[in-house]
Amino acid sequence: MLTKCLKELENDKLVERKQYNTIPPVVEYSLTKNGKSFMPALNNLYNWADKQIQNK
């Protein structure tokens, strides 16, 4: 499931994948410029959700 989600994020140009040819294989994911531009919206959503939890 995680692999599927990461592939979708990569296809949407939100993350980029870098694979190193080592043993064992190493793969790194990082946010693209487009992915970083999405962070303010995610922070706003997080803050909203945190307030909802605190108000219970």
# chains A, B, ... in the order shown; residues from 1 in each chain; ligands from 1

call {"tool": "residues_around", "arguments": {"residues": "stretch 2-11 of chain A", "least_positions_apart": "2", "cutoff": "12 Å", "atoms": "only C-alpha atoms", "output": "ChimeraX atom specification"}}
result
/A:13-18,27-32,34-35

call {"tool": "select_by_dssp", "arguments": {"residues": "chain A", "states": "strand (DSSP E or B)", "output": "compact mmCIF listing (two decimals) with N, CA and C atoms, in the first residue's frame"}}
result
# COMPACT_ATOMS: atom_id res chain seq x y z
N VAL A 15 6.54 14.08 -5.20
CA VAL A 15 7.78 13.55 -4.62
C VAL A 15 8.66 13.04 -5.74
N GLU A 16 9.96 12.99 -5.44
CA GLU A 16 10.86 12.37 -6.40
C GLU A 16 11.61 11.25 -5.71
N ARG A 17 11.90 10.23 -6.48
CA ARG A 17 12.53 9.01 -5.97
C ARG A 17 13.96 8.94 -6.48
N LYS A 18 14.87 8.63 -5.57
CA LYS A 18 16.27 8.44 -5.95
C LYS A 18 16.71 7.09 -5.43
N GLN A 19 17.18 6.25 -6.34
CA GLN A 19 17.60 4.90 -5.99
C GLN A 19 19.12 4.80 -6.09
N TYR A 20 19.72 4.20 -5.07
CA TYR A 20 21.16 3.98 -5.04
C TYR A 20 21.42 2.50 -5.29
N VAL A 26 19.09 1.03 -1.54
CA VAL A 26 18.63 2.19 -0.77
C VAL A 26 17.83 3.08 -1.70
N VAL A 27 16.67 3.52 -1.22
CA VAL A 27 15.82 4.44 -1.98
C VAL A 27 15.48 5.61 -1.08
N GLU A 28 15.58 6.82 -1.63
CA GLU A 28 15.22 8.03 -0.89
C GLU A 28 14.10 8.75 -1.64
N TYR A 29 13.19 9.30 -0.89
CA TYR A 29 12.13 10.12 -1.46
C TYR A 29 12.26 11.52 -0.90
N SER A 30 12.00 12.51 -1.74
CA SER A 30 12.03 13.89 -1.29
C SER A 30 10.92 14.67 -2.00
N LEU A 31 10.52 15.76 -1.38
CA LEU A 31 9.50 16.59 -1.98
C LEU A 31 10.06 17.36 -3.16

call {"tool": "select_by_dssp", "arguments": {"residues": "chain A", "states": "alpha helix (DSSP H)", "output": "ChimeraX atom specification"}}
result
/A:2-11,33-37,39-54

call {"tool": "atom_distance", "arguments": {"atom1": "atom CA of A:Ser37", "atom2": "atom CA of A:Ile53"}}
result
26.1 Å

call {"tool": "atom_distance", "arguments": {"atom1": "atom CA of A:Pro24", "atom2": "atom CA of A:Asp12"}}
result
27.8 Å

call {"tool": "atom_distance", "arguments": {"atom1": "atom CA of A:Pro40", "atom2": "atom CA of A:Met1"}}
result
25.9 Å
